[in-house]
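Trainee: Sharing work09.cif below, mmCIF, C-alpha atoms and all ligand atoms:
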data_entry
#
loop_
_atom_site.label_atom_id
_atom_site.label_comp_id
_atom_site.auth_asym_id
_atom_site.auth_seq_id
_atom_site.Cartn_x
_atom_site.Cartn_y
_atom_site.Cartn_z
CA MET A 1 -14.30 -5.22 22.56
CA PRO A 2 -12.88 -5.23 19.05
CA THR A 3 -10.43 -7.96 18.04
CA GLY A 4 -7.57 -5.49 18.28
CA PHE A 5 -6.51 -1.86 18.49
CA LEU A 6 -4.85 -0.43 15.39
CA HIS A 7 -3.27 2.98 15.75
CA ILE A 8 -2.31 4.81 12.56
CA ASP A 9 0.07 7.76 12.76
CA LEU A 10 -0.95 10.20 10.01
CA GLU A 11 1.78 12.62 11.09
CA ALA A 12 4.29 9.89 10.23
CA VAL A 13 2.58 9.35 6.86
CA ALA A 14 2.89 13.10 6.17
CA ALA A 15 6.53 13.08 7.30
CA ASN A 16 7.28 10.14 4.98
CA TRP A 17 5.61 11.94 2.07
CA ALA A 18 7.65 15.08 2.82
CA ALA A 19 10.87 13.05 3.04
CA LEU A 20 10.20 11.39 -0.34
CA ASP A 21 9.21 14.78 -1.78
CA ALA A 22 12.53 16.25 -0.60
CA MET A 23 14.44 13.58 -2.58
CA SER A 24 13.29 14.94 -5.92
CA SER A 25 13.86 18.37 -7.39
CA SER A 26 11.34 21.15 -6.93
CA ASP A 27 10.10 20.74 -10.55
CA CYS A 28 9.14 17.15 -9.80
CA GLU A 29 5.69 16.77 -8.27
CA THR A 30 5.23 14.18 -5.52
CA GLY A 31 1.89 12.39 -5.68
CA ALA A 32 0.60 9.64 -3.43
CA THR A 33 -0.66 6.16 -4.26
CA VAL A 34 -3.65 5.47 -2.01
CA LYS A 35 -5.19 2.46 -3.75
CA ALA A 36 -6.71 -0.41 -1.72
CA ASP A 37 -7.90 2.04 0.96
CA ALA A 38 -4.39 3.49 1.30
CA TYR A 39 -2.90 0.00 1.68
CA GLY A 40 -5.47 -0.81 4.33
CA LEU A 41 -4.87 2.27 6.48
CA GLY A 42 -7.87 4.35 5.36
CA ALA A 43 -7.76 6.30 2.09
CA VAL A 44 -9.97 9.14 3.29
CA ALA A 45 -7.90 9.79 6.42
CA VAL A 46 -4.54 9.34 4.67
CA ALA A 47 -5.38 11.40 1.58
CA GLY A 48 -7.00 14.11 3.71
CA ARG A 49 -3.80 14.45 5.75
CA LEU A 50 -1.59 14.43 2.65
CA PHE A 51 -3.80 17.05 0.99
CA ARG A 52 -3.18 19.28 4.01
CA ALA A 53 0.54 18.58 3.61
CA GLY A 54 0.37 19.89 0.03
CA CYS A 55 -0.17 16.75 -2.06
CA ARG A 56 -2.39 17.42 -5.08
CA ALA A 57 -2.06 14.17 -7.07
CA PHE A 58 -3.60 10.93 -5.82
CA PHE A 59 -3.48 7.53 -7.52
CA VAL A 60 -5.99 4.72 -6.96
CA ALA A 61 -6.67 1.47 -8.79
CA SER A 62 -10.37 1.60 -9.64
CA ALA A 63 -12.82 4.32 -10.65
CA ASP A 64 -14.97 3.42 -7.63
CA GLU A 65 -12.03 4.15 -5.34
CA GLY A 66 -11.58 7.42 -7.21
CA MET A 67 -15.21 8.40 -6.69
CA ALA A 68 -14.96 7.82 -2.92
CA LEU A 69 -11.79 9.89 -2.79
CA ARG A 70 -13.33 12.73 -4.80
CA ARG A 71 -16.21 12.93 -2.34
CA ALA A 72 -13.75 13.14 0.54
CA LEU A 73 -11.25 15.58 -0.98
CA GLY A 74 -13.42 17.96 -2.98
CA PRO A 75 -12.72 19.28 -6.47
CA GLU A 76 -9.11 20.45 -6.25
CA PRO A 77 -6.72 17.49 -6.43
CA ARG A 78 -6.17 15.35 -9.50
CA ILE A 79 -7.23 11.74 -8.97
CA TYR A 80 -5.65 9.23 -11.36
CA ILE A 81 -7.04 5.74 -12.06
CA TYR A 82 -4.51 2.95 -12.70
CA TYR A 83 -7.18 0.67 -14.24
CA GLY A 84 -7.71 3.32 -16.88
CA HIS A 85 -11.10 3.71 -18.53
CA MET A 86 -12.88 0.37 -18.22
CA ALA A 87 -16.20 -0.40 -19.86
CA GLY A 88 -18.89 0.78 -17.48
CA ASP A 89 -16.75 3.46 -15.84
CA THR A 90 -17.56 6.36 -18.16
CA ALA A 91 -20.23 7.96 -15.95
CA THR A 92 -18.08 7.64 -12.81
CA ILE A 93 -15.03 9.13 -14.51
CA ASP A 94 -17.11 11.99 -15.83
CA ARG A 95 -19.04 12.75 -12.66
CA ALA A 96 -16.09 12.46 -10.28
CA ASP A 97 -13.68 14.24 -12.65
CA LEU A 98 -11.17 11.37 -12.58
CA VAL A 99 -8.09 11.01 -14.79
CA PRO A 100 -8.03 7.50 -16.26
CA MET A 101 -4.50 6.26 -16.98
CA LEU A 102 -5.34 4.56 -20.29
CA CYS A 103 -3.47 1.28 -20.61
CA SER A 104 -4.44 -0.15 -24.02
CA VAL A 105 -5.32 0.96 -27.52
CA ASP A 106 -8.92 -0.09 -26.82
CA GLN A 107 -9.06 2.14 -23.78
CA ILE A 108 -7.70 5.12 -25.72
CA ALA A 109 -10.42 4.63 -28.34
CA ARG A 110 -13.08 4.24 -25.64
CA HIS A 111 -12.05 7.37 -23.79
CA LEU A 112 -11.66 9.65 -26.80
CA GLU A 113 -15.04 8.56 -28.08
CA ALA A 114 -16.95 8.68 -24.79
CA LEU A 115 -15.36 11.64 -23.03
CA PRO A 116 -13.38 13.58 -25.67
CA ARG A 117 -13.02 16.66 -23.51
CA ARG A 118 -12.12 14.90 -20.24
CA PRO A 119 -8.45 14.67 -19.17
CA PHE A 120 -6.60 11.36 -19.43
CA GLY A 121 -3.14 9.89 -19.02
CA ILE A 122 -1.40 7.01 -20.75
CA GLN A 123 0.45 4.03 -19.32
CA LEU A 124 3.31 2.52 -21.29
CA ASP A 125 4.81 -0.92 -20.80
CA THR A 126 8.58 -0.81 -20.51
CA GLY A 127 9.14 -4.45 -19.57
CA MET A 128 6.89 -5.42 -16.69
CA ASN A 129 4.22 -6.86 -18.99
CA ARG A 130 1.35 -5.99 -16.71
CA LEU A 131 -0.52 -2.90 -17.96
CA GLY A 132 0.36 -0.36 -20.61
CA LEU A 133 0.90 0.09 -24.33
CA LYS A 134 3.82 -1.85 -25.80
CA MET A 135 6.42 -0.14 -27.94
CA SER A 136 4.77 -1.15 -31.25
CA GLU A 137 1.28 -0.12 -30.11
CA TRP A 138 2.57 3.22 -28.88
CA ALA A 139 4.36 3.80 -32.18
CA ALA A 140 1.06 3.23 -33.98
CA VAL A 141 -1.15 5.49 -31.86
CA ALA A 142 1.20 8.03 -30.26
CA GLU A 143 0.53 10.77 -32.78
CA LEU A 144 -3.24 10.54 -32.44
CA ALA A 145 -3.10 10.14 -28.67
CA LEU A 146 -0.73 13.08 -28.20
CA ARG A 147 -2.94 15.31 -30.32
CA ALA A 148 -5.67 14.75 -27.71
CA ARG A 149 -3.26 16.17 -25.10
CA PRO A 150 -2.76 13.61 -22.32
CA VAL A 151 -1.94 15.17 -18.94
CA LEU A 152 0.54 12.47 -17.88
CA VAL A 153 2.47 9.57 -19.39
CA THR A 154 3.67 6.85 -17.03
CA SER A 155 5.35 3.48 -16.81
CA HIS A 156 6.05 1.24 -13.83
CA LEU A 157 9.26 -0.44 -12.66
CA ALA A 158 9.10 -4.17 -11.94
CA CYS A 159 12.24 -4.50 -9.78
CA SER A 160 12.83 -1.12 -8.16
CA ASP A 161 12.87 -2.53 -4.62
CA ASP A 162 16.32 -3.84 -5.60
CA ALA A 163 18.57 -0.92 -6.58
CA ALA A 164 21.20 -3.31 -8.01
CA ASN A 165 18.81 -4.99 -10.44
CA PRO A 166 19.86 -4.19 -14.05
CA GLU A 167 16.22 -4.33 -15.14
CA ASN A 168 15.77 -0.82 -13.63
CA ALA A 169 18.19 0.76 -16.11
CA ARG A 170 16.70 -1.26 -18.98
CA GLN A 171 13.20 0.03 -18.19
CA LEU A 172 14.53 3.58 -17.77
CA ALA A 173 16.18 3.43 -21.20
CA ARG A 174 13.00 2.10 -22.79
CA PHE A 175 10.92 4.84 -21.13
CA HIS A 176 13.27 7.45 -22.62
CA GLU A 177 13.05 5.79 -26.00
CA MET A 178 9.25 5.84 -25.88
CA THR A 179 8.76 9.35 -24.48
CA ASP A 180 11.75 11.64 -25.16
CA GLY A 181 10.69 14.72 -27.05
CA ILE A 182 7.00 14.57 -26.20
CA ASP A 183 5.54 17.62 -24.52
CA VAL A 184 3.68 15.80 -21.74
CA PRO A 185 4.64 15.40 -18.05
CA ARG A 186 6.15 11.99 -17.37
CA SER A 187 6.22 9.66 -14.34
CA LEU A 188 8.13 6.40 -13.98
CA SER A 189 8.62 5.85 -10.27
CA ALA A 190 6.79 4.56 -7.24
CA THR A 191 8.63 4.32 -3.89
CA GLY A 192 11.50 2.18 -5.16
CA GLY A 193 12.22 4.36 -8.19
CA THR A 194 12.05 7.51 -6.08
CA LEU A 195 14.91 6.06 -4.01
CA LEU A 196 16.93 5.21 -7.16
CA GLY A 197 17.74 8.89 -7.71
CA GLY A 198 17.07 11.82 -10.00
CA ASP A 199 17.36 9.91 -13.30
CA TYR A 200 14.19 8.07 -12.36
CA HIS A 201 12.07 11.04 -11.21
CA PHE A 202 10.98 12.85 -14.41
CA ASP A 203 8.05 15.24 -13.67
CA MET A 204 6.19 13.25 -11.01
CA VAL A 205 6.80 10.43 -8.54
CA ARG A 206 3.90 8.46 -7.07
CA PRO A 207 5.02 6.53 -3.98
CA GLY A 208 2.73 4.23 -2.04
CA ILE A 209 4.38 1.80 0.40
CA GLY A 210 7.04 4.27 1.54
CA LEU A 211 4.33 6.60 2.84
CA TYR A 212 3.08 3.79 5.06
CA GLY A 213 6.46 2.96 6.57
CA GLY A 214 7.28 -0.05 4.39
CA LEU A 215 10.36 -1.23 2.52
CA PRO A 216 12.15 -0.34 0.34
CA PHE A 217 11.98 3.06 2.15
CA SER A 218 14.10 1.87 5.08
CA ASP A 219 14.33 5.37 6.61
CA ALA A 220 10.55 5.73 6.80
CA GLU A 221 8.93 6.65 10.08
CA PRO A 222 6.83 3.79 11.46
CA VAL A 223 3.11 4.32 10.92
CA VAL A 224 1.18 1.47 12.54
CA ARG A 225 0.86 0.07 16.02
CA LEU A 226 -1.27 -3.00 16.74
CA ASP A 227 -2.32 -4.35 20.15
CA LEU A 228 -4.44 -7.42 20.80
CA PRO A 229 -6.47 -7.74 24.01
CA VAL A 230 -6.21 -10.83 26.19
CA ILE A 231 -9.49 -12.68 26.63
CA ALA A 232 -8.52 -15.39 29.12
CA CYS A 233 -5.48 -16.77 30.98
CA PHE A 234 -5.23 -20.28 32.48
CA ASP A 235 -2.74 -22.88 33.65
CA ILE A 236 -2.03 -26.06 31.73
CA ALA A 237 0.01 -29.11 32.74
CA GLU A 238 3.04 -30.58 31.03
CA GLY A 239 1.94 -32.73 28.08
CA GLU A 240 -1.25 -30.78 27.32
CA ARG A 241 -1.75 -29.38 23.85
CA VAL A 242 -2.93 -26.01 22.56
CA GLY A 243 -5.06 -25.18 19.52
CA TYR A 244 -6.37 -26.94 16.41
CA ASP A 245 -4.74 -30.26 15.61
CA GLY A 246 -2.80 -30.09 18.87
CA THR A 247 0.36 -29.04 17.08
CA TRP A 248 2.00 -27.66 20.23
CA THR A 249 2.59 -29.60 23.44
CA ALA A 250 3.61 -28.01 26.76
CA ARG A 251 7.00 -29.33 27.86
CA THR A 252 6.46 -28.10 31.45
CA ASP A 253 3.50 -26.88 33.45
CA THR A 254 2.84 -23.40 32.15
CA ARG A 255 0.25 -20.65 31.69
CA ILE A 256 -1.52 -19.72 28.46
CA ALA A 257 -3.11 -16.43 27.39
CA THR A 258 -5.70 -16.57 24.62
CA VAL A 259 -5.81 -13.28 22.70
CA ALA A 260 -8.32 -11.72 20.33
CA GLY A 261 -7.19 -11.62 16.69
CA GLY A 262 -6.50 -14.28 14.11
CA TYR A 263 -6.14 -14.99 10.43
CA ALA A 264 -9.43 -13.20 9.69
CA ASP A 265 -7.68 -10.06 10.96
CA GLY A 266 -4.64 -10.44 8.74
CA LEU A 267 -2.58 -12.43 11.24
CA PHE A 268 -1.77 -15.20 8.79
CA ARG A 269 -1.63 -18.88 9.78
CA ALA A 270 1.80 -18.88 8.14
CA LEU A 271 3.10 -16.69 11.00
CA GLN A 272 3.33 -19.91 13.00
CA PRO A 273 5.53 -21.51 14.19
CA GLY A 274 7.88 -18.81 15.43
CA LEU A 275 5.68 -15.78 16.15
CA ASP A 276 6.38 -13.81 19.31
CA LEU A 277 3.88 -11.37 20.83
CA MET A 278 5.22 -8.67 23.11
CA ALA A 279 4.06 -8.20 26.70
CA GLY A 280 5.72 -4.82 27.27
CA PRO A 281 9.41 -5.56 26.59
CA VAL A 282 9.05 -9.34 27.07
CA PRO A 283 8.58 -11.58 24.04
CA CYS A 284 6.05 -14.37 24.50
CA PRO A 285 5.83 -17.22 22.00
CA ALA A 286 2.52 -17.81 20.24
CA VAL A 287 1.77 -21.51 20.54
CA GLY A 288 -0.27 -23.82 18.35
CA ARG A 289 -2.12 -22.80 15.24
CA VAL A 290 -3.45 -19.31 14.60
CA SER A 291 -7.27 -19.64 14.59
CA MET A 292 -9.67 -17.40 12.69
CA ASP A 293 -10.02 -14.99 15.61
CA LEU A 294 -7.83 -16.33 18.43
CA ILE A 295 -4.15 -16.94 19.14
CA GLY A 296 -2.67 -18.82 22.11
CA VAL A 297 0.41 -17.38 23.83
CA ASP A 298 2.73 -19.04 26.37
CA ILE A 299 3.06 -16.65 29.34
CA GLY A 300 4.61 -19.10 31.82
CA HIS A 301 7.64 -16.80 32.22
CA LEU A 302 5.64 -13.62 33.07
CA ASP A 303 5.10 -12.35 36.63
CA ALA A 304 1.55 -11.17 35.90
CA ASP A 305 -1.12 -11.75 33.26
CA PRO A 306 -0.92 -9.03 30.58
CA GLU A 307 -4.02 -7.16 29.39
CA THR A 308 -2.78 -6.73 25.84
CA PHE A 309 -0.01 -7.92 23.53
CA ARG A 310 1.82 -5.72 21.05
CA VAL A 311 2.10 -7.15 17.52
CA LEU A 312 3.29 -4.18 15.43
CA ASP A 313 5.17 -1.02 16.37
CA ALA A 314 8.42 0.86 15.74
CA HIS A 315 10.44 -2.16 16.94
CA ARG A 316 8.64 -4.66 14.75
CA GLY A 317 7.25 -3.12 11.60
CA VAL A 318 5.14 -4.63 8.86
CA ASP A 319 8.17 -5.97 7.00
CA ALA A 320 9.43 -7.94 9.99
CA LEU A 321 6.01 -9.47 10.53
CA ALA A 322 5.75 -10.15 6.79
CA ALA A 323 9.10 -11.94 6.77
CA GLN A 324 7.86 -14.20 9.57
CA ALA A 325 4.94 -15.22 7.33
CA GLY A 326 6.98 -15.46 4.12
CA THR A 327 5.34 -12.45 2.48
CA ILE A 328 5.87 -8.70 2.02
CA GLY A 329 4.87 -5.65 4.06
CA TYR A 330 2.36 -4.65 1.37
CA GLU A 331 0.36 -7.81 2.04
CA VAL A 332 0.46 -7.43 5.83
CA LEU A 333 -0.84 -3.85 5.53
CA THR A 334 -3.59 -4.57 3.03
CA SER A 335 -4.72 -7.57 5.12
CA LEU A 336 -5.09 -5.60 8.37
CA GLY A 337 -8.47 -6.51 9.70
CA GLY A 338 -11.69 -4.57 9.28
CA ARG A 339 -12.59 -5.69 12.81
CA TYR A 340 -9.84 -3.70 14.52
CA HIS A 341 -10.74 -0.55 16.37
CA ARG A 342 -8.86 2.15 14.47
CA SER A 343 -7.52 5.35 15.94
CA TYR A 344 -5.55 8.02 14.14
CA ARG A 345 -2.95 10.54 15.25
CA GLY A 346 -3.04 13.69 13.15
CA ASP A 347 -6.63 13.41 11.97
CA GLU A 348 -8.43 16.73 11.83
C1 LIG A 401 0.92 0.37 -6.55
C2 LIG A 401 1.55 1.21 -7.61
C3 LIG A 401 2.39 2.28 -7.27
C4 LIG A 401 2.90 2.51 -5.86
O1 LIG A 401 3.90 1.53 -5.59
P1 LIG A 401 4.71 1.46 -4.23
O2 LIG A 401 5.70 0.38 -4.46
O3 LIG A 401 3.74 1.09 -3.17
O4 LIG A 401 5.33 2.78 -3.97
C5 LIG A 401 2.82 3.12 -8.29
N1 LIG A 401 2.46 2.89 -9.59
C6 LIG A 401 1.69 1.84 -9.95
C7 LIG A 401 1.34 1.64 -11.38
C8 LIG A 401 1.21 0.96 -8.98
O5 LIG A 401 0.46 -0.10 -9.35
#
Could you rewrite the structure in this file as structure tokens?

Mentor:
Amino acid sequence: MPTGFLHIDLEAVAANWAALDAMSSSDCETGATVKADAYGLGAVAVAGRLFRAGCRAFFVASADEGMALRRALGPEPRIYIYYGHMAGDTATIDRADLVPMLCSVDQIARHLEALPRRPFGIQLDTGMNRLGLKMSEWAAVAELALRARPVLVTSHLACSDDAANPENARQLARFHEMTDGIDVPRSLSATGGTLLGGDYHFDMVRPGIGLYGGLPFSDAEPVVRLDLPVIACFDIAEGERVGYDGTWTARTDTRIATVAGGYADGLFRALQPGLDLMAGPVPCPAVGRVSMDLIGVDIGHLDADPETFRVLDAHRGVDALAAQAGTIGYEVLTSLGGRYHRSYRGDE
């Protein structure tokens, strides 16, 4: 038995990609961000399905991720690297035909010297202060860099999950200031910016989280379902405690189910207190601390011992679970355990 059963709906991922694609005009390409193993869902499976749906631009963080994706997808799609061209990556970029998104003056120099005939893109910083050339750096090197014909110029929005945040318009204005008039395709938006409307789309959008059913794409189709098997059920008496440190005490005689899955599987300790697991339609409170690979559940109110509990589905998505733990859906997804048995709908 695995610790849990994770079902990933690739048809829903493809539908979410198509829905985001339909929001931008036909001259705007819709790529897909599949870094961190497609946010924990499996980059090879996800990118393979999106390739079949028509996606030809994939974004990952590291050159190693890019190499794995190239092996899976073959020569056709463009694979962009958000870390750019790091020292030591030259051979990988060359062999796997990756497009480094150069993010500093040093990286531009490195790339043009090491791989002068290989395609590259450029990342500009418009206010997030994470990666990308600042206004003054860009002013100094733009002419030289543009002569080498970058295939894409991008920036990234820091606050696009909040449509009302004035920082979005400030970054948009700065992106225009830095790139208007250049003859290179431009991309500013991930999921959040795609939802902000046409002004933010330029020539390419590159959503990630929205593909996987997460906020801010509130109309996304749900993608993941997670069930945990029950290992043992037993009665306890009023006054007995459950779990490490005995943080929970039974107020009446009751029955406990101990289920497989714990913080090593991405079910954070911070989910407690207050986590419910679902036995069919009936919520059952998790009790005591979440252990590394076990969780206790009070089932005193059930007629029969359940075989599994549902943790994630269309009714409770990654954002609801994330809120319970004080984090975001991105972190729940990327923490999903490597020990789960994974099954896919829509895999070839
Ligand atoms: C992760 C990332 C994306 C995708 O962001 P989502 O919010 O998941 O859509 C796009 N661009 C950059 C630079 C990123 O780091």

Trainee: When the cut-off is 6 Å and you count all atoms listed in the file, which residues lie near ligand LIG 401 (chain A), shown as a list in words?

Mentor: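 Within the 6 Å cut-off, the matching residues are Thr33, His156, Ala190, Thr191, Arg206, Pro207, Gly208, Ile209 and Gly210 of chain A.
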
Trainee: What lies within 10 Å of Ala148 (chain A) using all atoms listed in the file, ignoring chain neighbours under 2 positions off, as a tab-separated table (two decimals) with C-alpha atoms, keeping the file's coordinate frame?

Mentor:
chain	number	residue	atom	x	y	z
A	112	LEU	CA	-11.66	9.65	-26.80
A	116	PRO	CA	-13.38	13.58	-25.67
A	117	ARG	CA	-13.02	16.66	-23.51
A	118	ARG	CA	-12.12	14.90	-20.24
A	119	PRO	CA	-8.45	14.67	-19.17
A	120	PHE	CA	-6.60	11.36	-19.43
A	142	ALA	CA	1.20	8.03	-30.26
A	143	GLU	CA	0.53	10.77	-32.78
A	144	LEU	CA	-3.24	10.54	-32.44
A	145	ALA	CA	-3.10	10.14	-28.67
A	146	LEU	CA	-0.73	13.08	-28.20
A	150	PRO	CA	-2.76	13.61	-22.32
A	151	VAL	CA	-1.94	15.17	-18.94

Trainee: Could you jot down the CA of Ile93 (chain A) to CA of Asp64 (chain A) separation for me, Å, one decimal place?

Mentor: 8.9 Å

Trainee: Report, in Å to a single decimal, how far apart CA of Met101 (chain A) and CA of Leu115 (chain A) are.

Mentor: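 Interatomic distance here is 13.5 Å.
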
Trainee: Between A:Asp203, A:Glu240, A:Gly337, A:Pro216, which residue has the minimum interatomic distance to Phe268 (chain A), considering only C-alpha atoms?

Mentor: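 With only C-alpha atoms as the atom set, the closest residue is A:Gly337.
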